[in-house]
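**Student:** One file is attached below, model.cif, containing mmCIF, C-alpha atoms.
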data_final
loop_
_atom_site.label_atom_id
_atom_site.label_comp_id
_atom_site.auth_asym_id
_atom_site.auth_seq_id
_atom_site.Cartn_x
_atom_site.Cartn_y
_atom_site.Cartn_z
CA MET A 1 8.07 4.42 11.47
CA VAL A 2 8.98 1.52 9.18
CA HIS A 3 12.33 0.97 10.88
CA GLY A 4 10.61 1.11 14.27
CA ALA A 5 8.00 -1.48 13.28
CA ILE A 6 10.68 -3.82 11.93
CA GLN A 7 12.77 -3.42 15.08
CA LYS A 8 9.74 -4.18 17.25
CA SER A 9 8.98 -7.42 15.40
CA LEU A 10 12.59 -8.58 15.34
CA ASN A 11 12.91 -7.85 19.04
CA ALA A 12 9.78 -9.91 19.77
CA LEU A 13 11.28 -12.83 17.86
CA GLN A 14 14.19 -12.83 20.31
CA ILE A 15 11.88 -13.20 23.32
CA PRO A 16 11.23 -16.85 24.30
CA GLY A 17 7.54 -17.77 24.10
CA SER A 18 6.49 -14.52 22.39
CA THR A 19 3.25 -14.42 20.43
CA ILE A 20 5.03 -13.87 17.13
CA LEU A 21 7.22 -16.94 17.76
CA GLN A 22 4.11 -19.02 18.38
CA LYS A 23 2.57 -17.78 15.15
CA LEU A 24 5.78 -18.52 13.26
CA LYS A 25 5.65 -22.14 14.36
CA GLN A 26 2.22 -22.42 12.71
CA VAL A 27 3.51 -21.41 9.26
CA SER A 28 7.04 -22.77 9.28
CA SER A 29 8.52 -26.21 9.86
CA PHE A 30 11.48 -24.57 11.55
CA GLU A 31 11.66 -24.85 15.33
CA ALA A 32 12.91 -21.57 16.75
CA GLY A 33 13.52 -23.17 20.10
CA ALA A 34 12.85 -21.85 23.56
CA ALA A 35 15.58 -19.25 23.37
CA GLY A 36 14.14 -17.35 20.40
CA PHE A 37 16.12 -15.91 17.50
CA LYS A 38 19.74 -14.80 17.70
CA PHE A 39 20.68 -12.02 15.30
CA GLY A 40 24.24 -11.12 14.41
CA PHE A 41 23.58 -7.38 14.55
CA LYS A 42 22.26 -4.73 16.92
CA LEU A 43 18.61 -3.86 16.37
CA ALA A 44 19.28 -0.26 17.41
CA ASP A 45 21.56 0.14 14.38
CA LEU A 46 18.92 -0.95 11.87
CA GLY A 47 18.57 1.60 9.09
CA LYS A 48 21.13 4.00 10.53
CA GLU A 49 24.08 5.26 8.55
CA GLY A 50 26.89 2.78 9.07
CA GLY A 51 24.47 0.33 10.71
CA VAL A 52 22.95 -2.90 9.48
CA SER A 53 21.02 -2.66 6.20
CA LEU A 54 17.44 -3.83 5.73
CA ALA A 55 18.71 -6.39 3.22
CA HIS A 56 21.09 -7.89 5.78
CA ALA A 57 18.48 -7.90 8.55
CA PHE A 58 15.78 -9.56 6.47
CA THR A 59 18.22 -12.08 5.04
CA GLU A 60 19.11 -13.22 8.55
CA LEU A 61 15.43 -13.28 9.50
CA ILE A 62 14.41 -15.45 6.56
CA ASP A 63 17.36 -17.81 7.01
CA GLN A 64 16.39 -18.40 10.63
CA ALA A 65 12.61 -18.43 10.14
CA GLN A 66 12.80 -20.71 7.09
CA THR A 67 9.77 -19.02 5.57
CA SER A 68 8.79 -15.93 3.58
CA VAL A 69 8.40 -12.49 5.14
CA VAL A 70 5.78 -9.94 4.12
CA LEU A 71 6.18 -6.24 4.92
CA ILE A 72 3.03 -4.11 4.51
CA VAL A 73 3.30 -0.32 4.53
CA ASP A 74 0.01 1.57 4.57
CA GLU A 75 -0.31 5.05 3.01
CA VAL A 76 2.93 4.29 1.20
CA GLN A 77 2.53 7.33 -1.07
CA HIS A 78 3.89 9.49 1.75
CA ALA A 79 7.31 8.07 0.93
CA LEU A 80 7.24 10.30 -2.17
CA GLY A 81 7.37 13.41 -0.02
CA SER A 82 10.93 13.15 1.26
CA ALA A 83 14.41 11.96 0.40
CA GLU A 84 14.24 9.64 3.43
CA GLY A 85 11.09 8.03 2.06
CA GLY A 86 12.69 7.51 -1.34
CA ASN A 87 15.78 6.03 0.27
CA MET A 88 13.62 3.64 2.26
CA LEU A 89 11.83 2.38 -0.85
CA HIS A 90 15.13 1.84 -2.64
CA ALA A 91 16.42 -0.03 0.41
CA LEU A 92 13.35 -2.27 0.33
CA LYS A 93 13.86 -2.86 -3.39
CA ALA A 94 17.49 -3.80 -2.71
CA THR A 95 16.25 -6.15 0.02
CA ARG A 96 13.84 -7.84 -2.37
CA ASP A 97 16.50 -8.27 -5.04
CA ALA A 98 19.12 -9.55 -2.61
CA ILE A 99 16.86 -12.20 -1.09
CA ASN A 100 14.59 -13.28 -3.92
CA THR A 101 17.37 -13.86 -6.45
CA ARG A 102 19.29 -16.22 -4.16
CA PRO A 103 19.34 -19.84 -5.33
CA ASP A 104 17.52 -22.16 -2.92
CA THR A 105 16.42 -19.32 -0.66
CA PRO A 106 14.32 -20.72 2.23
CA GLY A 107 11.85 -17.86 1.86
CA TYR A 108 11.12 -14.70 -0.07
CA PHE A 109 10.77 -11.03 0.85
CA LEU A 110 7.44 -9.59 -0.27
CA PHE A 111 6.68 -5.88 -0.02
CA LEU A 112 3.10 -4.58 -0.21
CA GLY A 113 2.46 -0.85 -0.34
CA THR A 114 -1.13 0.33 0.06
CA GLY A 115 -2.57 3.82 -0.02
CA SER A 116 -5.71 5.93 -0.27
CA HIS A 117 -4.21 8.39 -2.78
CA ARG A 118 -4.56 6.34 -5.96
CA ALA A 119 -2.70 8.80 -8.17
CA ARG A 120 0.38 8.92 -5.93
CA VAL A 121 0.42 5.16 -5.39
CA GLN A 122 0.36 4.70 -9.16
CA GLU A 123 3.41 6.95 -9.44
CA LEU A 124 5.41 4.48 -7.37
CA THR A 125 5.07 1.83 -10.07
CA ILE A 126 5.08 3.79 -13.34
CA LYS A 127 7.67 6.55 -12.84
CA GLY A 128 11.09 5.54 -14.08
CA ASN A 129 12.93 7.05 -11.12
CA GLN A 130 10.93 5.12 -8.51
CA ALA A 131 12.33 2.03 -6.79
CA PHE A 132 9.34 -0.14 -7.65
CA ASN A 133 8.87 1.05 -11.22
CA GLY A 134 7.18 -1.79 -13.09
CA ALA A 135 5.84 -3.53 -9.98
CA VAL A 136 2.43 -5.17 -10.08
CA THR A 137 -0.48 -3.00 -8.92
CA HIS A 138 -4.02 -4.01 -8.01
CA GLU A 139 -7.07 -2.11 -6.88
CA PHE A 140 -8.48 -3.29 -3.58
CA PRO A 141 -11.80 -5.13 -4.04
CA VAL A 142 -14.63 -3.05 -2.62
CA LEU A 143 -16.57 -4.17 0.42
CA GLY A 144 -19.55 -6.38 -0.42
CA ARG A 145 -22.71 -7.96 0.93
CA ASP A 146 -21.04 -9.48 4.00
CA PHE A 147 -19.97 -6.00 5.11
CA ILE A 148 -23.50 -4.65 4.52
CA GLU A 149 -25.05 -7.39 6.62
CA TYR A 150 -22.50 -6.82 9.38
CA VAL A 151 -23.24 -3.07 9.52
CA LEU A 152 -27.01 -3.55 9.49
CA HIS A 153 -26.71 -6.06 12.33
CA ARG A 154 -24.73 -3.52 14.35
CA VAL A 155 -27.10 -0.60 13.77
CA LYS A 156 -30.42 -2.44 14.07
CA PRO A 157 -30.73 -1.73 17.83
CA GLN A 158 -30.62 2.01 17.02
CA LEU A 159 -32.70 1.96 13.83
CA GLY A 160 -35.28 -0.62 14.80
CA SER A 161 -38.10 -0.68 12.25
CA LYS A 162 -36.20 1.90 10.16
CA THR A 163 -33.48 -0.63 9.36
CA PRO A 164 -33.31 -1.04 5.55
CA SER A 165 -33.07 -4.41 3.81
CA ALA A 166 -29.66 -5.76 2.85
CA ALA A 167 -30.52 -5.75 -0.86
CA VAL A 168 -31.55 -2.07 -0.93
CA THR A 169 -28.62 -1.08 1.28
CA GLU A 170 -26.16 -2.86 -0.99
CA LYS A 171 -27.42 -0.95 -4.05
CA ALA A 172 -27.25 2.34 -2.14
CA PHE A 173 -23.73 1.50 -0.95
CA LYS A 174 -22.57 0.95 -4.53
CA LYS A 175 -24.20 4.21 -5.63
CA MET A 176 -22.13 6.00 -2.98
CA GLY A 177 -18.92 4.51 -4.34
CA SER A 178 -18.79 1.72 -1.75
CA ARG A 179 -17.59 4.20 0.86
CA PRO A 180 -18.25 3.07 4.46
CA GLU A 181 -18.29 6.64 5.77
CA GLU A 182 -21.04 7.61 3.30
CA LEU A 183 -23.04 4.52 4.26
CA MET A 184 -22.91 5.51 7.92
CA LYS A 185 -24.09 9.02 7.01
CA ALA A 186 -27.04 7.55 5.10
CA LEU A 187 -28.00 5.29 8.00
CA HIS A 188 -27.81 8.26 10.36
CA VAL A 189 -30.28 10.13 8.15
CA LEU A 190 -32.62 7.13 8.32
CA ARG A 191 -32.43 7.31 12.08
CA GLU A 192 -33.85 10.85 11.96
CA LEU A 193 -36.89 9.78 9.93
CA PRO A 194 -40.27 9.66 11.71
CA GLN A 195 -41.49 6.36 13.07
CA GLY A 196 -43.28 4.27 10.49
CA ALA A 197 -41.17 5.57 7.61
CA ASN A 198 -40.18 2.97 5.02
CA ALA A 199 -36.39 2.87 5.03
CA ASP A 200 -36.17 1.04 1.70
CA GLU A 201 -38.13 3.83 0.01
CA HIS A 202 -35.99 6.64 1.45
CA LEU A 203 -32.49 5.13 1.31
CA PRO A 204 -32.00 5.32 -2.51
CA THR A 205 -32.80 9.06 -2.50
CA ILE A 206 -30.53 9.65 0.49
CA ALA A 207 -27.72 7.75 -1.22
CA GLN A 208 -28.12 9.76 -4.42
CA SER A 209 -27.95 13.03 -2.48
CA LEU A 210 -24.86 12.01 -0.53
CA SER A 211 -23.14 10.74 -3.67
CA ALA A 212 -23.83 14.01 -5.47
CA ALA A 213 -22.59 16.02 -2.48
CA ALA A 214 -19.34 14.03 -2.31
CA ALA A 215 -18.78 14.50 -6.04
CA ASP A 216 -19.48 18.24 -5.78
CA VAL A 217 -16.62 18.63 -3.29
CA GLU A 218 -14.19 17.23 -5.86
CA ILE A 219 -15.76 19.14 -8.74
CA GLN A 220 -15.28 22.40 -6.83
CA LYS A 221 -11.56 21.59 -6.66
CA ILE A 222 -11.44 21.30 -10.46
CA GLU A 223 -13.38 24.53 -10.95
CA ALA A 224 -11.06 26.33 -8.54
CA LEU A 225 -8.13 25.47 -10.82
CA GLY A 226 -9.65 27.49 -13.65
CA PRO A 227 -11.04 27.06 -17.19
CA LEU A 228 -8.03 25.13 -18.54
CA ALA A 229 -8.31 22.49 -15.83
CA GLU A 230 -12.02 22.16 -16.57
CA ALA A 231 -11.33 21.77 -20.29
CA VAL A 232 -8.61 19.16 -19.75
CA PHE A 233 -10.68 17.23 -17.23
CA SER A 234 -13.65 17.24 -19.60
CA ARG A 235 -11.55 15.87 -22.44
CA ILE A 236 -10.01 13.13 -20.31
CA CYS A 237 -13.51 12.11 -19.27
CA SER A 238 -14.64 11.99 -22.89
CA ILE A 239 -11.62 10.15 -24.34
CA GLY A 240 -11.13 7.69 -21.50
CA GLY A 241 -7.57 8.56 -20.64
CA ASN A 242 -6.20 8.47 -24.20
CA VAL A 243 -3.41 10.96 -23.72
CA LYS A 244 -2.59 11.09 -27.43
CA GLY A 245 -6.01 12.57 -27.89
CA GLY A 246 -5.37 14.98 -25.04
CA PHE A 247 -2.24 16.64 -26.41
CA THR A 248 -2.86 16.73 -30.14
CA ALA A 249 -3.19 19.94 -32.11
CA ASP A 250 -6.96 19.43 -32.14
CA ALA A 251 -6.99 19.07 -28.34
CA LEU A 252 -4.95 22.25 -27.83
CA LYS A 253 -7.27 24.05 -30.23
CA GLU A 254 -10.24 22.82 -28.20
CA TYR A 255 -8.66 24.05 -24.96
CA SER A 256 -7.93 27.40 -26.58
CA VAL A 257 -11.54 27.83 -27.69
CA LYS A 258 -12.87 26.93 -24.23
CA THR A 259 -10.43 29.20 -22.38
CA GLY A 260 -10.47 32.05 -24.90
CA ARG A 261 -6.67 32.09 -25.31
CA ASP A 262 -3.85 30.10 -26.84
CA VAL A 263 -2.88 27.04 -24.79
CA THR A 264 0.44 25.20 -24.94
CA ALA A 265 1.17 21.54 -24.28
CA GLN A 266 3.39 22.59 -21.37
CA GLU A 267 0.46 24.36 -19.72
CA VAL A 268 -1.70 21.28 -20.14
CA GLN A 269 0.97 19.10 -18.57
CA GLY A 270 1.25 21.51 -15.66
CA VAL A 271 -2.50 21.45 -15.04
CA ILE A 272 -2.54 17.66 -15.20
CA GLY A 273 0.29 17.59 -12.66
CA VAL A 274 -1.71 19.75 -10.26
CA MET A 275 -4.83 17.60 -10.66
CA THR A 276 -2.77 14.45 -10.16
CA ALA A 277 -1.31 15.83 -6.93
CA ALA A 278 -4.88 16.63 -5.81
CA ASN A 279 -5.93 13.00 -6.48
CA LEU A 280 -8.37 14.12 -9.17
CA LEU A 281 -6.44 12.39 -11.95
CA MET A 282 -4.09 9.43 -11.89
CA ARG A 283 -1.46 8.26 -14.30
CA VAL A 284 -2.66 4.94 -15.72
CA SER A 285 0.60 4.31 -17.55
CA HIS A 286 3.43 6.40 -18.95
CA GLY A 287 1.77 9.55 -20.30
CA HIS A 288 -1.75 8.17 -19.91
CA TYR A 289 -4.16 9.69 -17.39
CA GLY A 290 -7.58 8.77 -16.09
CA VAL A 291 -10.05 10.09 -13.53
CA THR A 292 -9.28 8.80 -10.03
CA ASP A 293 -12.87 8.56 -8.77
CA SER A 294 -15.51 7.07 -11.07
CA ILE A 295 -18.29 8.86 -9.16
CA VAL A 296 -16.68 12.23 -9.86
CA GLU A 297 -16.23 11.28 -13.51
CA LYS A 298 -19.91 10.31 -13.85
CA ALA A 299 -21.04 13.49 -12.09
CA TRP A 300 -18.84 15.61 -14.36
CA VAL A 301 -20.13 13.92 -17.52
CA THR A 302 -23.71 14.35 -16.30
CA ARG A 303 -23.05 18.04 -15.74
CA LEU A 304 -21.56 18.40 -19.23
CA GLN A 305 -24.57 16.69 -20.76
CA ALA A 306 -26.92 18.95 -18.83
CA ASP A 307 -25.00 22.05 -19.95
CA THR A 308 -25.11 20.89 -23.57
CA LEU A 309 -28.84 20.24 -23.37
CA MET A 310 -29.46 23.63 -21.76
CA ARG A 311 -27.49 25.43 -24.47
CA SER A 312 -29.36 23.62 -27.22
CA ASP A 313 -32.71 24.50 -25.65
CA MET A 314 -31.73 28.17 -25.51
CA LEU A 315 -30.92 28.37 -29.26
CA PRO A 316 -33.60 30.24 -31.25
CA ASP A 317 -35.74 28.20 -33.64
CA ILE A 318 -34.52 28.40 -37.23
CA GLY A 319 -36.89 30.49 -39.26
CA ALA A 320 -38.59 32.08 -36.30
CA SER A 321 -39.84 35.62 -36.91
CA ALA A 322 -38.00 38.49 -35.29
#
Here is a file; write its structure as structure tokens.
**Tutor:**
Amino acid sequence: MVHGAIQKSLNALQIPGSTILQKLKQVSSFEAGAAGFKFGFKLADLGKEGGVSLAHAFTELIDQAQTSVVLIVDEVQHALGSAEGGNMLHALKATRDAINTRPDTPGYFLFLGTGSHRARVQELTIKGNQAFNGAVTHEFPVLGRDFIEYVLHRVKPQLGSKTPSAAVTEKAFKKMGSRPEELMKALHVLRELPQGANADEHLPTIAQSLSAAAADVEIQKIEALGPLAEAVFSRICSIGGNVKGGFTADALKEYSVKTGRDVTAQEVQGVIGVMTAANLLMRVSHGHYGVTDSIVEKAWVTRLQADTLMRSDMLPDIGASA
């Protein structure tokens, strides 16, 4: 897919008057001319064994375009699932190094990998065997008030008087983890309310219910992994990802008490690996883990607090008569 997208763009640059050529003229002082680009390699050979390398292709592109090139790959974590994906990432790393270290290069090669699986994306930058180990990572900023106002404007013809205010909707949106799909579910529920209902009064409760339901789906995944996973997840929530506190003798003793059997560090590491693959945990840095979704973490902590309170209420009063 990546090779195909690159081939498509390079081919368009060879076509006189193409849209991409027109856009290039807006960001570069270089005049491509009416004839378009002329590459010294066959596009069909790009990425093939014995064919032109990505480094060579992008070097020619930047030299002719006289500007930087940005390649964005969405859901980049899927590259972890195959040898071909790993080879591609290493080829892109080689491309970056070959171009960006040149003296007086007319442009740079910038690679952006985005993905919805936070734990796997983190692996690409913190595992020593990954091509982009040590690369800079950032969390996408969540959608804000402008998005809320846009959505409310779009749904107002359907909701009419049941359209909530932007301020209340924004708070509800944050409570649901700033997830657009959950917001649309909440607005659909408002649509089913009887005429005359106050949307601003109902939306917070709807948002709380949807948030709890979404968290329960993830919590069920943890529970399905067994008592050790629950114990490890609970400790990571309580110590904020401090892995040294998660693998100490005291931690293993705690896990053993909660599971009713002896627990080894290797077992803990295995469980963490499974939860990381399930996007429940993510590796923050080498050996350090945190909860991927803050809403799930809050829901889990709330459940733990409720369980603790319930157990304390069930203890008999000291000194009570038999």
**Student:** Once the PyMOL selection byres ((chain A and resi 208-223) around 9) is applied to the coordinates I shared, what remains selected? I want it as a PyMOL selection string.
**Tutor:** chain A and resi 172+175-177+182+185-186+203-207+224-227+229-230+233+275+278+280+293+295-300
**Student:** Would you mind exporting C-alpha atoms of the selected residues as a tab-separated table (two decimals), in the coordinates of the input?
**Tutor:**
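New file out_12.tsv:
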chain	number	residue	atom	x	y	z
A	172	ALA	CA	-27.25	2.34	-2.14
A	175	LYS	CA	-24.20	4.21	-5.63
A	176	MET	CA	-22.13	6.00	-2.98
A	177	GLY	CA	-18.92	4.51	-4.34
A	182	GLU	CA	-21.04	7.61	3.30
A	185	LYS	CA	-24.09	9.02	7.01
A	186	ALA	CA	-27.04	7.55	5.10
A	203	LEU	CA	-32.49	5.13	1.31
A	204	PRO	CA	-32.00	5.32	-2.51
A	205	THR	CA	-32.80	9.06	-2.50
A	206	ILE	CA	-30.53	9.65	0.49
A	207	ALA	CA	-27.72	7.75	-1.22
A	224	ALA	CA	-11.06	26.33	-8.54
A	225	LEU	CA	-8.13	25.47	-10.82
A	226	GLY	CA	-9.65	27.49	-13.65
A	227	PRO	CA	-11.04	27.06	-17.19
A	229	ALA	CA	-8.31	22.49	-15.83
A	230	GLU	CA	-12.02	22.16	-16.57
A	233	PHE	CA	-10.68	17.23	-17.23
A	275	MET	CA	-4.83	17.60	-10.66
A	278	ALA	CA	-4.88	16.63	-5.81
A	280	LEU	CA	-8.37	14.12	-9.17
A	293	ASP	CA	-12.87	8.56	-8.77
A	295	ILE	CA	-18.29	8.86	-9.16
A	296	VAL	CA	-16.68	12.23	-9.86
A	297	GLU	CA	-16.23	11.28	-13.51
A	298	LYS	CA	-19.91	10.31	-13.85
A	299	ALA	CA	-21.04	13.49	-12.09
A	300	TRP	CA	-18.84	15.61	-14.36
**Student:** Got a sec to resolve the PyMOL selection byres ((chain A and resi 150-157) around 12) on this structure and send the residues as a count of residues only?
**Tutor:** 30
**Student:** Hey, which of A:Gln305, A:Asn279, A:Thr19, A:Ser256 ends up closest to A:Gln122? Count all atoms listed in the file.
**Tutor:**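 When distances to A:Gln122 are compared using all atoms listed in the file, the smallest one comes from A:Asn279.
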**Student:** Between atom CA of A:Tyr255 and atom CA of A:Leu228, measure the distance and give it in Å to one decimal.
**Tutor:**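 Rounded to one decimal, the two atoms are 6.5 Å apart.
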**Student:** Select, from A:His3, A:Arg102, A:Lys8, A:Lys93, the residue with the minimum atom-to-atom distance to A:Thr125, counting all atoms listed in the file.
**Tutor:**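 Closest to A:Thr125, using all atoms listed in the file: A:Lys93.
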**Student:** For atom CA of A:Thr59 and atom CA of A:Thr137, quote the distance in Å rounded to one decimal.
**Tutor:**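 Atom CA of A:Thr137 lies 25.0 Å from atom CA of A:Thr59.
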**Student:** Might you pull out every residue within 8 Å of A:Leu21, with all atoms listed in the file counted and same-chain residues fewer than 5 positions away left off, and present them as a PyMOL selection string?
**Tutor:** chain A and resi 12-13+16+32+36
**Student:** Calculate how many Å separate atom CA of A:Met310 from atom CA of A:Ile272, rounding to one decimal.
**Tutor:** 28.3 Å
**Student:** For each of A:Arg283, A:Pro141, A:Gly273, A:Asp63, take the minimum atom-to-atom distance to A:Asp104, counting only C-alpha atoms, then give the residue where this is smallest.
**Tutor:**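 Once distances to A:Asp104 are computed over only C-alpha atoms, the minimum belongs to A:Asp63.
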**Student:** Please report as CSV every residue of stretch 101-148 of chain A lying within 12 Å of stretch 76-91 of chain A, along with the nearest atom pair and their distance in Å (one decimal), using all atoms listed in the file.
**Tutor:**
residue,atom,partner,partner_atom,distance
A:Phe111,CA,A:Leu89,CA,9.8
A:Leu112,CA,A:Val76,CA,9.0
A:Gly113,CA,A:Val76,CA,5.4
A:Thr114,CA,A:Val76,CA,5.8
A:Gly115,CA,A:Val76,CA,5.7
A:Ser116,CA,A:Gln77,CA,8.4
A:His117,CA,A:Gln77,CA,7.0
A:Arg118,CA,A:Gln77,CA,8.7
A:Ala119,CA,A:Gln77,CA,8.9
A:Arg120,CA,A:Gln77,CA,5.5
A:Val121,CA,A:Gln77,CA,5.3
A:Gln122,CA,A:Gln77,CA,8.8
A:Glu123,CA,A:Gln77,CA,8.4
A:Leu124,CA,A:Gln77,CA,7.5
A:Thr125,CA,A:Gln77,CA,10.8
A:Lys127,CA,A:Leu80,CA,11.3
A:Asn129,CA,A:Gly86,CA,9.8
A:Gln130,CA,A:Gly86,CA,7.8
A:Ala131,CA,A:His90,CA,5.0
A:Phe132,CA,A:Leu89,CA,7.7
A:Asn133,CA,A:His90,CA,10.7
**Student:** Excluding same-chain residues fewer than 2 positions from stretch 38-40 of chain A, what lies within 12 Å of it counting only C-alpha atoms, as a PyMOL selection string?
**Tutor:** chain A and resi 7+10-16+32-36+42-43+45-46+52+56-65
**Student:** Quick one: of A:Arg235, A:His138, A:Arg261, A:His202, who's nearest to A:Val291, counting only C-alpha atoms?
**Tutor:**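 Of A:Arg235, A:His138, A:Arg261, A:His202, the one nearest A:Val291 is A:Arg235, counting only C-alpha atoms.
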**Student:** For stretch 96-100 of chain A, list every protein, DNA or RNA residue within 8 Å, evaluated using all atoms listed in the file, and leave out those in the same chain fewer than 3 positions away; present the list as a list in words.
**Tutor:**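 Listed by chain and then number, they are Ala55, Thr59, Leu92, Lys93, Thr105, Gly107, Tyr108, Phe109, Leu110 and Phe111 of chain A.
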**Student:** Return the single residue from A:Ile236, A:Asp307, A:Thr302, A:Tyr289 that is closest to A:Ile126, with distances computed using only C-alpha atoms.
**Tutor:**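 Checking each candidate against A:Ile126, we get A:Tyr289 as the closest.
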**Student:** Excluding same-chain residues fewer than 3 positions from A:Leu252, what lies within 9 Å of it counting all atoms listed in the file, as a count of residues only?
**Tutor:** 12
**Student:** Find the residue from A:Leu281, A:Gln266, A:Leu304, A:Val189 that sits nearest to A:Ser234; use all atoms listed in the file when measuring.
**Tutor:**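 Of A:Leu281, A:Gln266, A:Leu304, A:Val189, the one nearest A:Ser234 is A:Leu304, counting all atoms listed in the file.
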**Student:** How would stretch 99-117 of chain A of the given structure read as a file with N, CA and C atoms, as a compact mmCIF listing (two decimals), in the first residue's frame?
**Tutor:**
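Saved to out01.txt:
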# COMPACT_ATOMS: atom_id res chain seq x y z
N ILE A 99 18.97 11.17 3.25
CA ILE A 99 18.63 12.51 2.75
C ILE A 99 18.95 13.60 3.78
N ASN A 100 18.56 13.38 5.01
CA ASN A 100 18.64 14.45 6.00
C ASN A 100 20.06 14.73 6.48
N THR A 101 20.98 13.80 6.26
CA THR A 101 22.36 14.03 6.69
C THR A 101 23.22 14.63 5.57
N ARG A 102 22.63 14.85 4.40
CA ARG A 102 23.40 15.43 3.30
C ARG A 102 23.68 16.90 3.57
N PRO A 103 24.88 17.36 3.33
CA PRO A 103 25.15 18.80 3.47
C PRO A 103 24.44 19.57 2.36
N ASP A 104 23.81 20.68 2.74
CA ASP A 104 23.13 21.55 1.78
C ASP A 104 22.02 20.85 1.02
N THR A 105 21.34 19.91 1.67
CA THR A 105 20.20 19.26 1.02
C THR A 105 19.11 20.29 0.75
N PRO A 106 18.49 20.27 -0.43
CA PRO A 106 17.44 21.25 -0.75
C PRO A 106 16.12 20.99 -0.03
N GLY A 107 16.02 19.87 0.64
CA GLY A 107 14.81 19.54 1.39
C GLY A 107 15.06 18.32 2.26
N TYR A 108 14.14 18.06 3.16
CA TYR A 108 14.29 16.94 4.08
C TYR A 108 13.18 15.92 3.87
N PHE A 109 13.43 14.70 4.32
CA PHE A 109 12.42 13.65 4.28
C PHE A 109 11.87 13.47 5.69
N LEU A 110 10.58 13.68 5.84
CA LEU A 110 9.93 13.59 7.15
C LEU A 110 8.90 12.47 7.11
N PHE A 111 8.99 11.56 8.07
CA PHE A 111 8.07 10.43 8.14
C PHE A 111 7.21 10.55 9.39
N LEU A 112 5.89 10.52 9.19
CA LEU A 112 4.93 10.57 10.30
C LEU A 112 4.12 9.29 10.29
N GLY A 113 4.18 8.57 11.39
CA GLY A 113 3.36 7.36 11.54
C GLY A 113 2.30 7.60 12.59
N THR A 114 1.05 7.41 12.24
CA THR A 114 -0.05 7.60 13.18
C THR A 114 -0.79 6.29 13.37
N GLY A 115 -1.49 6.14 14.49
CA GLY A 115 -2.21 4.91 14.72
C GLY A 115 -3.17 5.01 15.88
N SER A 116 -4.18 4.15 15.86
CA SER A 116 -5.20 4.13 16.91
C SER A 116 -4.84 3.19 18.06
N HIS A 117 -3.86 2.33 17.85
CA HIS A 117 -3.44 1.37 18.88
C HIS A 117 -2.22 1.97 19.57
